Amino acid sequence: MQPRGISCLVAEILLLLELIGLTQCGELRMCLFIERSFSLHKTHTLKDMENIFQLVRNVIPPLTGKRHKGQDGRIGIVGGCQEYTGAPYFAAITALKVGADLSHVFCTKDAATVIKSYSPELIVHPVLDSPNAVHEVEKWLPRLHSVVIGPGLGRDETLLENAKGIIEKSKMKGIPIIIDADGLWLISQQPSLIQGYQRAILTPNYMEFSRLYEAMLRDPVDSSDHHGCVLRLSQAMGNLTVVQKGERDLISDGEKVVVCGHEGSGRRCGGQGDLLAGSLGVLAHWAFLAGAERTNGQNPFLVAAFGACSLTRQCNSQAFQKLGRSMTASDMVAEVGAAFGKLFET
């Protein structure tokens with residue numbers, strides 16, 4: 001007989017409790033939630049999982065009157081062109097709603113006015129297609145705590161070349177870099193651009209992951225070994241953090257694999273990845289700043305990635321409960337505050 005998993009045993013206990021009318025067993029429900037959301041290895045106990053989940057809460061800076069504007073995060077989003085103006089907006093506004101103080105968008109000239117019209121909260125720089133784009137962005141890098149490269153970038157050769165230069169300048173300054181969307185297309189074409197930079201986080205979906213995996217390992221993805229594939233890709237990239245988005249998000253730093261299976265919904269509207277990238281920009285800064293003591297020696301970017309994945313899924317779940325099939329990314333943005341509070345402040 002095969003041993004049953006911890007989640008199965010807890011689920012059976014909850015069913016028994018419901019049958020006898022004890023449906024308010026909060027501790028057991030939290031254990032079930034954690035087991036479903038996070039696992040480093042099958043043999044880890046629920047206590048271990050709860051402690052690691054607590055690390056996300058540990059890196060969140062407290063809201064006090066002693067802090068000044070800018071301390072809790074100045075995030076840069078590199079992307080936005082004529083065709084794609086929504087993606088950088090979703091990433092940038094999510095960063096603010098998670099708790100960043102300032103959110104900058106570095107986009108093309110023809111995208112700037114559109115993005116500004118979405119929200120007065122964003123600082124928009126129409127420089128990404130200028131002849132001196134890399135220099136213009138580089139001037140701001142000392143003021144930024146992290147950069148998110150890719151949302152709405154497109155595949156225009158000039159924009160990709162400018163993104164390449166911005167990645168190189170960001171690396172020189174040691175800034176955490178989150179790469180998503182067409183930024184991942186650039187990396188799949190030139191992996192050495194980010195390979196070995198362990199302050200980088202890649203956030204590929206299924207197709208983007210397959211493209212990166214084949215570029216690095218010269219083999220197709222093994223569909224029977226998802227954990228092994230994300231582990232091997234991270235190792236091949238020099239042990240930087242990889243977040244493979246999917247039915248369950250798999251996160252690896254080349255040493256371990258973290259699974260985030262927090263329940264979302266079946267609705268997969270465009271823009272969800274941009275919410276994840278924006279929230280990850282903030283959490284990566286917080287975790288990196290908090291240091292090893294606050295993350296109990298765990299890789300801070302692994303902790304940040306789990307927090308961002310959980311938050312995005314919670315936003316999806318809450319919005320879907322209200323709107324069902326008609327839910328869009330804008331509806332998910334509206335849920336960030338409540339979702340953050342439910343996961344990390346209760």
# chains A, B, ... in the order shown; residues from 1 in each chain; ligands from 1

$ closest_atom_pairs --of "segment 93-201 of chain A" --to "segment 228-240 of chain A" --cutoff "7 Å" --atoms "only C-alpha atoms" --output "tab-separated table"
residue	atom	partner	partner_atom	distance
A:Gln195	CA	A:Met237	CA	4.7
A:Gly196	CA	A:Gly238	CA	4.0
A:Tyr197	CA	A:Leu240	CA	6.3
A:Gln198	CA	A:Leu240	CA	4.3
A:Arg199	CA	A:Leu240	CA	6.8
A:Ala200	CA	A:Leu240	CA	5.9
A:Ile201	CA	A:Leu240	CA	6.4

$ write_last_selection --atoms "all heavy atoms" --output "PDB file, in the first residue's frame"
ATOM      1  N   GLN A 195      23.224  34.871 -17.875  1.00  0.00           N
ATOM      2  CA  GLN A 195      23.748  33.640 -17.278  1.00  0.00           C
ATOM      3  C   GLN A 195      24.761  33.944 -16.180  1.00  0.00           C
ATOM      4  O   GLN A 195      25.685  34.723 -16.359  1.00  0.00           O
ATOM      5  CB  GLN A 195      24.403  32.778 -18.365  1.00  0.00           C
ATOM      6  CG  GLN A 195      24.778  31.386 -17.920  1.00  0.00           C
ATOM      7  CD  GLN A 195      25.282  30.552 -19.094  1.00  0.00           C
ATOM      8  OE1 GLN A 195      25.602  31.096 -20.165  1.00  0.00           O
ATOM      9  NE2 GLN A 195      25.332  29.243 -18.917  1.00  0.00           N
ATOM     10  N   GLY A 196      24.546  33.335 -15.015  1.00  0.00           N
ATOM     11  CA  GLY A 196      25.456  33.510 -13.891  1.00  0.00           C
ATOM     12  C   GLY A 196      25.157  34.700 -13.002  1.00  0.00           C
ATOM     13  O   GLY A 196      25.774  34.847 -11.937  1.00  0.00           O
ATOM     14  N   TYR A 197      24.210  35.552 -13.395  1.00  0.00           N
ATOM     15  CA  TYR A 197      23.861  36.711 -12.562  1.00  0.00           C
ATOM     16  C   TYR A 197      22.782  36.290 -11.578  1.00  0.00           C
ATOM     17  O   TYR A 197      21.600  36.258 -11.907  1.00  0.00           O
ATOM     18  CB  TYR A 197      23.377  37.879 -13.433  1.00  0.00           C
ATOM     19  CG  TYR A 197      23.141  39.153 -12.641  1.00  0.00           C
ATOM     20  CD1 TYR A 197      24.200  39.824 -12.030  1.00  0.00           C
ATOM     21  CD2 TYR A 197      21.864  39.676 -12.511  1.00  0.00           C
ATOM     22  CE1 TYR A 197      23.991  40.985 -11.307  1.00  0.00           C
ATOM     23  CE2 TYR A 197      21.640  40.837 -11.793  1.00  0.00           C
ATOM     24  CZ  TYR A 197      22.713  41.487 -11.185  1.00  0.00           C
ATOM     25  OH  TYR A 197      22.493  42.640 -10.465  1.00  0.00           O
ATOM     26  N   GLN A 198      23.167  35.977 -10.357  1.00  0.00           N
ATOM     27  CA  GLN A 198      22.252  35.355  -9.405  1.00  0.00           C
ATOM     28  C   GLN A 198      21.286  36.330  -8.747  1.00  0.00           C
ATOM     29  O   GLN A 198      20.493  35.926  -7.889  1.00  0.00           O
ATOM     30  CB  GLN A 198      23.051  34.574  -8.370  1.00  0.00           C
ATOM     31  CG  GLN A 198      23.774  33.383  -8.980  1.00  0.00           C
ATOM     32  CD  GLN A 198      24.514  32.536  -7.975  1.00  0.00           C
ATOM     33  OE1 GLN A 198      24.454  32.763  -6.767  1.00  0.00           O
ATOM     34  NE2 GLN A 198      25.231  31.542  -8.465  1.00  0.00           N
ATOM     35  N   ARG A 199      21.325  37.581  -9.143  1.00  0.00           N
ATOM     36  CA  ARG A 199      20.315  38.535  -8.690  1.00  0.00           C
ATOM     37  C   ARG A 199      19.234  38.718  -9.751  1.00  0.00           C
ATOM     38  O   ARG A 199      18.493  39.698  -9.724  1.00  0.00           O
ATOM     39  CB  ARG A 199      20.961  39.874  -8.343  1.00  0.00           C
ATOM     40  CG  ARG A 199      21.907  39.788  -7.152  1.00  0.00           C
ATOM     41  CD  ARG A 199      22.530  41.119  -6.796  1.00  0.00           C
ATOM     42  NE  ARG A 199      23.501  40.962  -5.715  1.00  0.00           N
ATOM     43  CZ  ARG A 199      24.242  41.948  -5.201  1.00  0.00           C
ATOM     44  NH1 ARG A 199      24.117  43.180  -5.680  1.00  0.00           N
ATOM     45  NH2 ARG A 199      25.101  41.693  -4.244  1.00  0.00           N
ATOM     46  N   ALA A 200      19.166  37.765 -10.659  1.00  0.00           N
ATOM     47  CA  ALA A 200      18.137  37.798 -11.703  1.00  0.00           C
ATOM     48  C   ALA A 200      17.091  36.731 -11.438  1.00  0.00           C
ATOM     49  O   ALA A 200      17.382  35.675 -10.884  1.00  0.00           O
ATOM     50  CB  ALA A 200      18.766  37.581 -13.079  1.00  0.00           C
ATOM     51  N   ILE A 201      15.857  37.032 -11.843  1.00  0.00           N
ATOM     52  CA  ILE A 201      14.748  36.088 -11.750  1.00  0.00           C
ATOM     53  C   ILE A 201      14.071  36.042 -13.112  1.00  0.00           C
ATOM     54  O   ILE A 201      13.666  37.081 -13.647  1.00  0.00           O
ATOM     55  CB  ILE A 201      13.730  36.512 -10.674  1.00  0.00           C
ATOM     56  CG1 ILE A 201      14.419  36.728  -9.316  1.00  0.00           C
ATOM     57  CG2 ILE A 201      12.618  35.480 -10.547  1.00  0.00           C
ATOM     58  CD1 ILE A 201      13.513  37.320  -8.257  1.00  0.00           C
TER      59      ILE A 201
END

$ select_by_dssp --residues "segment 215-250 of chain A" --states "helix (DSSP H, G or I)" --output "list in words"
Ala215, Met216, Leu217, His226, His227, Gly228, Cys229, Val230, Leu231, Arg232, Leu233, Ser234, Gln235 and Ala236 of chain A

$ closest_residue --among "A:Asp219, A:Glu83, A:Asp101, A:Asp249" --to "Val114 of chain A" --atoms "only C-alpha atoms"
A:Glu83

$ residues_around --residues "Ile187 of chain A" --least-positions-apart "6" --cutoff "9 Å" --atoms "only C-alpha atoms" --output "compact mmCIF listing (two decimals) with N, CA, C and O atoms, in the first residue's frame"
# COMPACT_ATOMS: atom_id res chain seq x y z
N LYS A 164 18.96 44.99 -23.96
CA LYS A 164 20.22 44.30 -23.69
C LYS A 164 21.19 45.23 -22.97
O LYS A 164 21.81 44.84 -21.97
N ILE A 179 13.05 39.31 -15.34
CA ILE A 179 12.90 39.28 -16.80
C ILE A 179 11.67 38.47 -17.16
O ILE A 179 11.53 37.31 -16.77
N LEU A 193 23.76 36.73 -21.75
CA LEU A 193 23.45 38.09 -21.28
C LEU A 193 23.12 38.11 -19.80
O LEU A 193 23.44 39.06 -19.09
N ILE A 194 22.48 37.06 -19.31
CA ILE A 194 22.07 37.02 -17.90
C ILE A 194 22.65 35.81 -17.16
O ILE A 194 22.59 35.74 -15.92
N GLN A 195 23.22 34.87 -17.88
CA GLN A 195 23.75 33.64 -17.28
C GLN A 195 24.76 33.94 -16.18
O GLN A 195 25.68 34.72 -16.36
N LEU A 212 13.65 28.47 -23.62
CA LEU A 212 14.87 28.65 -22.84
C LEU A 212 15.57 27.32 -22.58
O LEU A 212 16.80 27.22 -22.68

$ select_by_dssp --residues "segment 105-220 of chain A" --states "strand (DSSP E)" --output "VMD selection string"
chain A and resid 105 to 107 123 to 126 146 to 149 177 to 179 200 to 202

$ write_last_selection --atoms "all heavy atoms" --output "CSV table (one decimal), in the first residue's frame"
chain,number,residue,atom,x,y,z
A,105,VAL,N,8.2,53.8,-15.4
A,105,VAL,CA,8.1,53.0,-16.7
A,105,VAL,C,8.9,53.7,-17.8
A,105,VAL,O,8.8,54.9,-18.0
A,105,VAL,CB,6.6,53.0,-17.2
A,105,VAL,CG1,6.5,52.3,-18.5
A,105,VAL,CG2,5.7,52.4,-16.1
A,106,PHE,N,9.8,52.9,-18.3
A,106,PHE,CA,10.7,53.3,-19.4
A,106,PHE,C,10.2,52.7,-20.7
A,106,PHE,O,10.4,51.5,-20.9
A,106,PHE,CB,12.2,52.9,-19.1
A,106,PHE,CG,12.7,53.5,-17.9
A,106,PHE,CD1,12.6,52.8,-16.7
A,106,PHE,CD2,13.3,54.8,-17.8
A,106,PHE,CE1,13.1,53.3,-15.5
A,106,PHE,CE2,13.8,55.3,-16.7
A,106,PHE,CZ,13.7,54.6,-15.5
A,107,CYS,N,9.5,53.5,-21.5
A,107,CYS,CA,8.8,53.0,-22.7
A,107,CYS,C,9.2,53.8,-23.9
A,107,CYS,O,10.0,54.8,-23.9
A,107,CYS,CB,7.3,53.0,-22.4
A,107,CYS,SG,6.7,54.7,-22.1
A,123,ILE,N,5.4,57.2,-13.0
A,123,ILE,CA,6.4,58.1,-13.6
A,123,ILE,C,6.9,57.5,-14.9
A,123,ILE,O,7.4,56.4,-14.9
A,123,ILE,CB,7.7,58.3,-12.6
A,123,ILE,CG1,7.2,58.7,-11.3
A,123,ILE,CG2,8.7,59.2,-13.2
A,123,ILE,CD1,8.3,58.7,-10.2
A,124,VAL,N,6.6,58.2,-16.0
A,124,VAL,CA,6.7,57.6,-17.3
A,124,VAL,C,7.8,58.3,-18.1
A,124,VAL,O,7.8,59.6,-18.2
A,124,VAL,CB,5.4,57.7,-18.1
A,124,VAL,CG1,5.6,57.0,-19.5
A,124,VAL,CG2,4.3,57.0,-17.3
A,125,HIS,N,8.8,57.6,-18.6
A,125,HIS,CA,9.9,58.1,-19.3
A,125,HIS,C,9.9,57.6,-20.8
A,125,HIS,O,10.1,56.5,-21.1
A,125,HIS,CB,11.3,57.6,-18.7
A,125,HIS,CG,11.4,57.8,-17.2
A,125,HIS,ND1,12.1,58.9,-16.7
A,125,HIS,CD2,10.9,57.1,-16.2
A,125,HIS,CE1,12.0,58.8,-15.4
A,125,HIS,NE2,11.3,57.7,-15.0
A,126,PRO,N,9.6,58.5,-21.7
A,126,PRO,CA,9.5,58.1,-23.1
A,126,PRO,C,10.8,58.1,-23.8
A,126,PRO,O,11.1,58.8,-24.8
A,126,PRO,CB,8.6,59.2,-23.7
A,126,PRO,CG,9.0,60.5,-22.9
A,126,PRO,CD,9.3,60.0,-21.5
A,146,SER,N,15.1,47.8,-8.1
A,146,SER,CA,15.0,46.6,-8.9
A,146,SER,C,14.5,47.1,-10.3
A,146,SER,O,13.8,48.2,-10.4
A,146,SER,CB,14.1,45.6,-8.3
A,146,SER,OG,12.8,46.0,-8.3
A,147,VAL,N,14.7,46.3,-11.3
A,147,VAL,CA,14.2,46.6,-12.6
A,147,VAL,C,13.4,45.3,-13.1
A,147,VAL,O,13.9,44.2,-12.9
A,147,VAL,CB,15.2,47.0,-13.6
A,147,VAL,CG1,15.8,48.4,-13.2
A,147,VAL,CG2,16.4,46.0,-13.8
A,148,VAL,N,12.3,45.6,-13.8
A,148,VAL,CA,11.5,44.5,-14.4
A,148,VAL,C,11.6,44.7,-15.9
A,148,VAL,O,11.2,45.8,-16.4
A,148,VAL,CB,10.1,44.5,-14.0
A,148,VAL,CG1,9.3,43.4,-14.7
A,148,VAL,CG2,10.0,44.4,-12.5
A,149,ILE,N,12.2,43.8,-16.7
A,149,ILE,CA,12.5,44.0,-18.1
A,149,ILE,C,11.6,43.1,-18.9
A,149,ILE,O,11.7,41.8,-18.7
A,149,ILE,CB,14.0,43.9,-18.4
A,149,ILE,CG1,14.7,44.9,-17.6
A,149,ILE,CG2,14.2,43.9,-19.9
A,149,ILE,CD1,16.2,44.9,-17.8
A,177,ILE,N,17.2,42.0,-11.1
A,177,ILE,CA,16.5,42.1,-12.4
A,177,ILE,C,15.5,41.0,-12.5
A,177,ILE,O,15.8,39.8,-12.3
A,177,ILE,CB,17.5,41.9,-13.5
A,177,ILE,CG1,18.7,43.0,-13.4
A,177,ILE,CG2,16.9,42.1,-14.9
A,177,ILE,CD1,19.8,42.7,-14.3
A,178,ILE,N,14.3,41.4,-12.9
A,178,ILE,CA,13.2,40.4,-13.2
A,178,ILE,C,13.0,40.4,-14.7
A,178,ILE,O,12.8,41.5,-15.2
A,178,ILE,CB,11.9,40.7,-12.4
A,178,ILE,CG1,12.1,40.5,-10.9
A,178,ILE,CG2,10.8,39.8,-12.9
A,178,ILE,CD1,12.7,41.6,-10.2
A,179,ILE,N,13.0,39.3,-15.3
A,179,ILE,CA,12.9,39.3,-16.8
A,179,ILE,C,11.7,38.5,-17.2
A,179,ILE,O,11.5,37.3,-16.8
A,179,ILE,CB,14.2,38.7,-17.5
A,179,ILE,CG1,15.4,39.6,-17.1
A,179,ILE,CG2,14.0,38.7,-19.0
A,179,ILE,CD1,16.7,39.1,-17.8
A,200,ALA,N,19.2,37.8,-10.7
A,200,ALA,CA,18.1,37.8,-11.7
A,200,ALA,C,17.1,36.7,-11.4
A,200,ALA,O,17.4,35.7,-10.9
A,200,ALA,CB,18.8,37.6,-13.1
A,201,ILE,N,15.9,37.0,-11.8
A,201,ILE,CA,14.7,36.1,-11.7
A,201,ILE,C,14.1,36.0,-13.1
A,201,ILE,O,13.7,37.1,-13.6
A,201,ILE,CB,13.7,36.5,-10.7
A,201,ILE,CG1,14.4,36.7,-9.3
A,201,ILE,CG2,12.6,35.5,-10.5
A,201,ILE,CD1,13.5,37.3,-8.3
A,202,LEU,N,13.9,34.8,-13.7
A,202,LEU,CA,13.2,34.7,-14.9
A,202,LEU,C,11.9,34.1,-14.7
A,202,LEU,O,11.7,33.2,-13.8
A,202,LEU,CB,14.0,33.7,-15.8
A,202,LEU,CG,15.5,34.0,-16.0
A,202,LEU,CD1,16.1,33.0,-17.0
A,202,LEU,CD2,15.8,35.4,-16.5

$ residues_around --residues "Ser130 of chain A" --least-positions-apart "4" --cutoff "12 Å" --atoms "only C-alpha atoms" --output "list of chain:residue names"
A:Phe106, A:Cys107, A:Thr108, A:Lys109, A:Asp110, A:His125, A:Pro126, A:Val134, A:His135, A:Glu136, A:Val137, A:Thr158, A:Leu159, A:Glu161, A:Asn162

$ residues_around --residues "segment 317-322 of chain A" --least-positions-apart "3" --cutoff "9 Å" --atoms "only C-alpha atoms" --output "JSON, numbers by chain"
{"A": [263, 264, 265, 266, 267, 312, 313, 314, 325, 326, 327, 328, 329, 331, 332, 333, 334, 335, 338, 339]}

$ write_last_selection --atoms "C-alpha atoms" --output "PDB file, in the first residue's frame"
ATOM      1  CA  GLU A 263      -5.602  27.946  -5.653  1.00  0.00           C
ATOM      2  CA  GLY A 264      -6.406  30.527  -8.306  1.00  0.00           C
ATOM      3  CA  SER A 265      -9.068  29.875 -10.932  1.00  0.00           C
ATOM      4  CA  GLY A 266      -9.535  28.465 -14.389  1.00  0.00           C
ATOM      5  CA  ARG A 267      -9.661  31.959 -15.904  1.00  0.00           C
ATOM      6  CA  THR A 312      -1.003  36.660  -7.938  1.00  0.00           C
ATOM      7  CA  ARG A 313      -2.967  33.464  -7.473  1.00  0.00           C
ATOM      8  CA  GLN A 314      -4.884  34.953  -4.539  1.00  0.00           C
ATOM      9  CA  ARG A 325     -15.563  34.357 -16.639  1.00  0.00           C
ATOM     10  CA  SER A 326     -15.704  38.134 -17.221  1.00  0.00           C
ATOM     11  CA  MET A 327     -12.705  38.740 -14.937  1.00  0.00           C
ATOM     12  CA  THR A 328      -9.803  40.717 -16.450  1.00  0.00           C
ATOM     13  CA  ALA A 329      -6.361  41.740 -15.231  1.00  0.00           C
ATOM     14  CA  ASP A 331     -10.073  43.280 -11.765  1.00  0.00           C
ATOM     15  CA  MET A 332      -7.110  41.387 -10.351  1.00  0.00           C
ATOM     16  CA  VAL A 333      -5.228  44.647  -9.748  1.00  0.00           C
ATOM     17  CA  ALA A 334      -8.186  45.866  -7.694  1.00  0.00           C
ATOM     18  CA  GLU A 335      -7.760  42.819  -5.421  1.00  0.00           C
ATOM     19  CA  ALA A 338      -7.089  42.651   0.086  1.00  0.00           C
ATOM     20  CA  ALA A 339      -5.126  39.652  -1.190  1.00  0.00           C
TER      21      ALA A 339
END

$ atom_distance --atom1 "atom CA of Ala95 of chain A" --atom2 "atom CA of Met172 of chain A"
23.5 Å

$ closest_residue --among "A:Thr94, A:Leu184, A:Arg143, A:Phe288" --to "Val242 of chain A" --atoms "only C-alpha atoms"
A:Leu184

$ residues_around --residues "segment 66-69 of chain A" --least-positions-apart "2" --cutoff "12 Å" --atoms "only C-alpha atoms" --output "list in words"
Pro61, Pro62, Leu63, Thr64, Gln71, Asp72, Gly73, Arg74, Gly99, Ala100, Asp101, Leu102 and Ser103 of chain A

$ write_last_selection --atoms "N, CA, C and O atoms" --output "CSV table (one decimal), in the first residue's frame"
chain,number,residue,atom,x,y,z
A,61,PRO,N,8.6,45.1,5.0
A,61,PRO,CA,8.9,46.2,5.9
A,61,PRO,C,7.6,46.7,6.6
A,61,PRO,O,6.6,46.8,6.0
A,62,PRO,N,7.8,47.0,7.9
A,62,PRO,CA,6.6,47.5,8.6
A,62,PRO,C,6.2,48.9,8.2
A,62,PRO,O,7.1,49.7,7.8
A,63,LEU,N,5.0,49.2,8.3
A,63,LEU,CA,4.5,50.6,8.0
A,63,LEU,C,4.6,51.4,9.3
A,63,LEU,O,3.8,51.2,10.2
A,64,THR,N,5.6,52.3,9.3
A,64,THR,CA,5.8,53.1,10.5
A,64,THR,C,6.0,54.6,10.0
A,64,THR,O,6.3,54.8,8.8
A,71,GLN,N,12.0,54.5,0.5
A,71,GLN,CA,12.6,53.5,1.2
A,71,GLN,C,12.0,52.1,0.9
A,71,GLN,O,12.7,51.1,0.9
A,72,ASP,N,10.7,52.0,0.7
A,72,ASP,CA,10.0,50.8,0.5
A,72,ASP,C,10.0,50.3,-0.9
A,72,ASP,O,9.4,49.3,-1.2
A,73,GLY,N,10.7,51.0,-1.8
A,73,GLY,CA,10.8,50.5,-3.1
A,73,GLY,C,10.7,51.5,-4.2
A,73,GLY,O,9.7,52.2,-4.3
A,74,ARG,N,11.7,51.6,-5.1
A,74,ARG,CA,11.6,52.4,-6.3
A,74,ARG,C,11.9,51.4,-7.4
A,74,ARG,O,13.0,50.9,-7.6
A,99,GLY,N,3.2,47.8,-2.5
A,99,GLY,CA,3.8,48.5,-1.4
A,99,GLY,C,5.0,49.3,-1.8
A,99,GLY,O,5.7,50.0,-1.0
A,100,ALA,N,5.4,49.3,-3.1
A,100,ALA,CA,6.5,50.2,-3.6
A,100,ALA,C,6.1,51.7,-3.4
A,100,ALA,O,4.9,52.0,-3.6
A,101,ASP,N,7.0,52.5,-3.2
A,101,ASP,CA,6.7,54.0,-3.1
A,101,ASP,C,6.6,54.7,-4.4
A,101,ASP,O,5.8,55.6,-4.6
A,102,LEU,N,7.5,54.2,-5.3
A,102,LEU,CA,7.6,54.9,-6.7
A,102,LEU,C,7.7,53.8,-7.7
A,102,LEU,O,8.4,52.8,-7.6
A,103,SER,N,7.1,54.1,-8.9
A,103,SER,CA,7.1,53.1,-10.0
A,103,SER,C,7.4,53.9,-11.3
A,103,SER,O,6.6,54.7,-11.6

$ residues_around --residues "Lys245 of chain A" --least-positions-apart "2" --cutoff "9 Å" --atoms "only C-alpha atoms" --output "JSON, numbers by chain"
{"A": [203, 204, 205, 206, 209, 243, 247, 248, 249, 250, 251, 273, 309]}

$ atom_distance --atom1 "atom CA of Cys81 of chain A" --atom2 "atom CA of Gly152 of chain A"
6.3 Å

$ atom_distance --atom1 "atom CA of Arg211 of chain A" --atom2 "atom CA of Thr85 of chain A"
24.7 Å

$ closest_residue --among "A:Pro220, A:Gly281, A:Pro142, A:Gly183" --to "Leu96 of chain A" --atoms "only C-alpha atoms"
A:Gly281
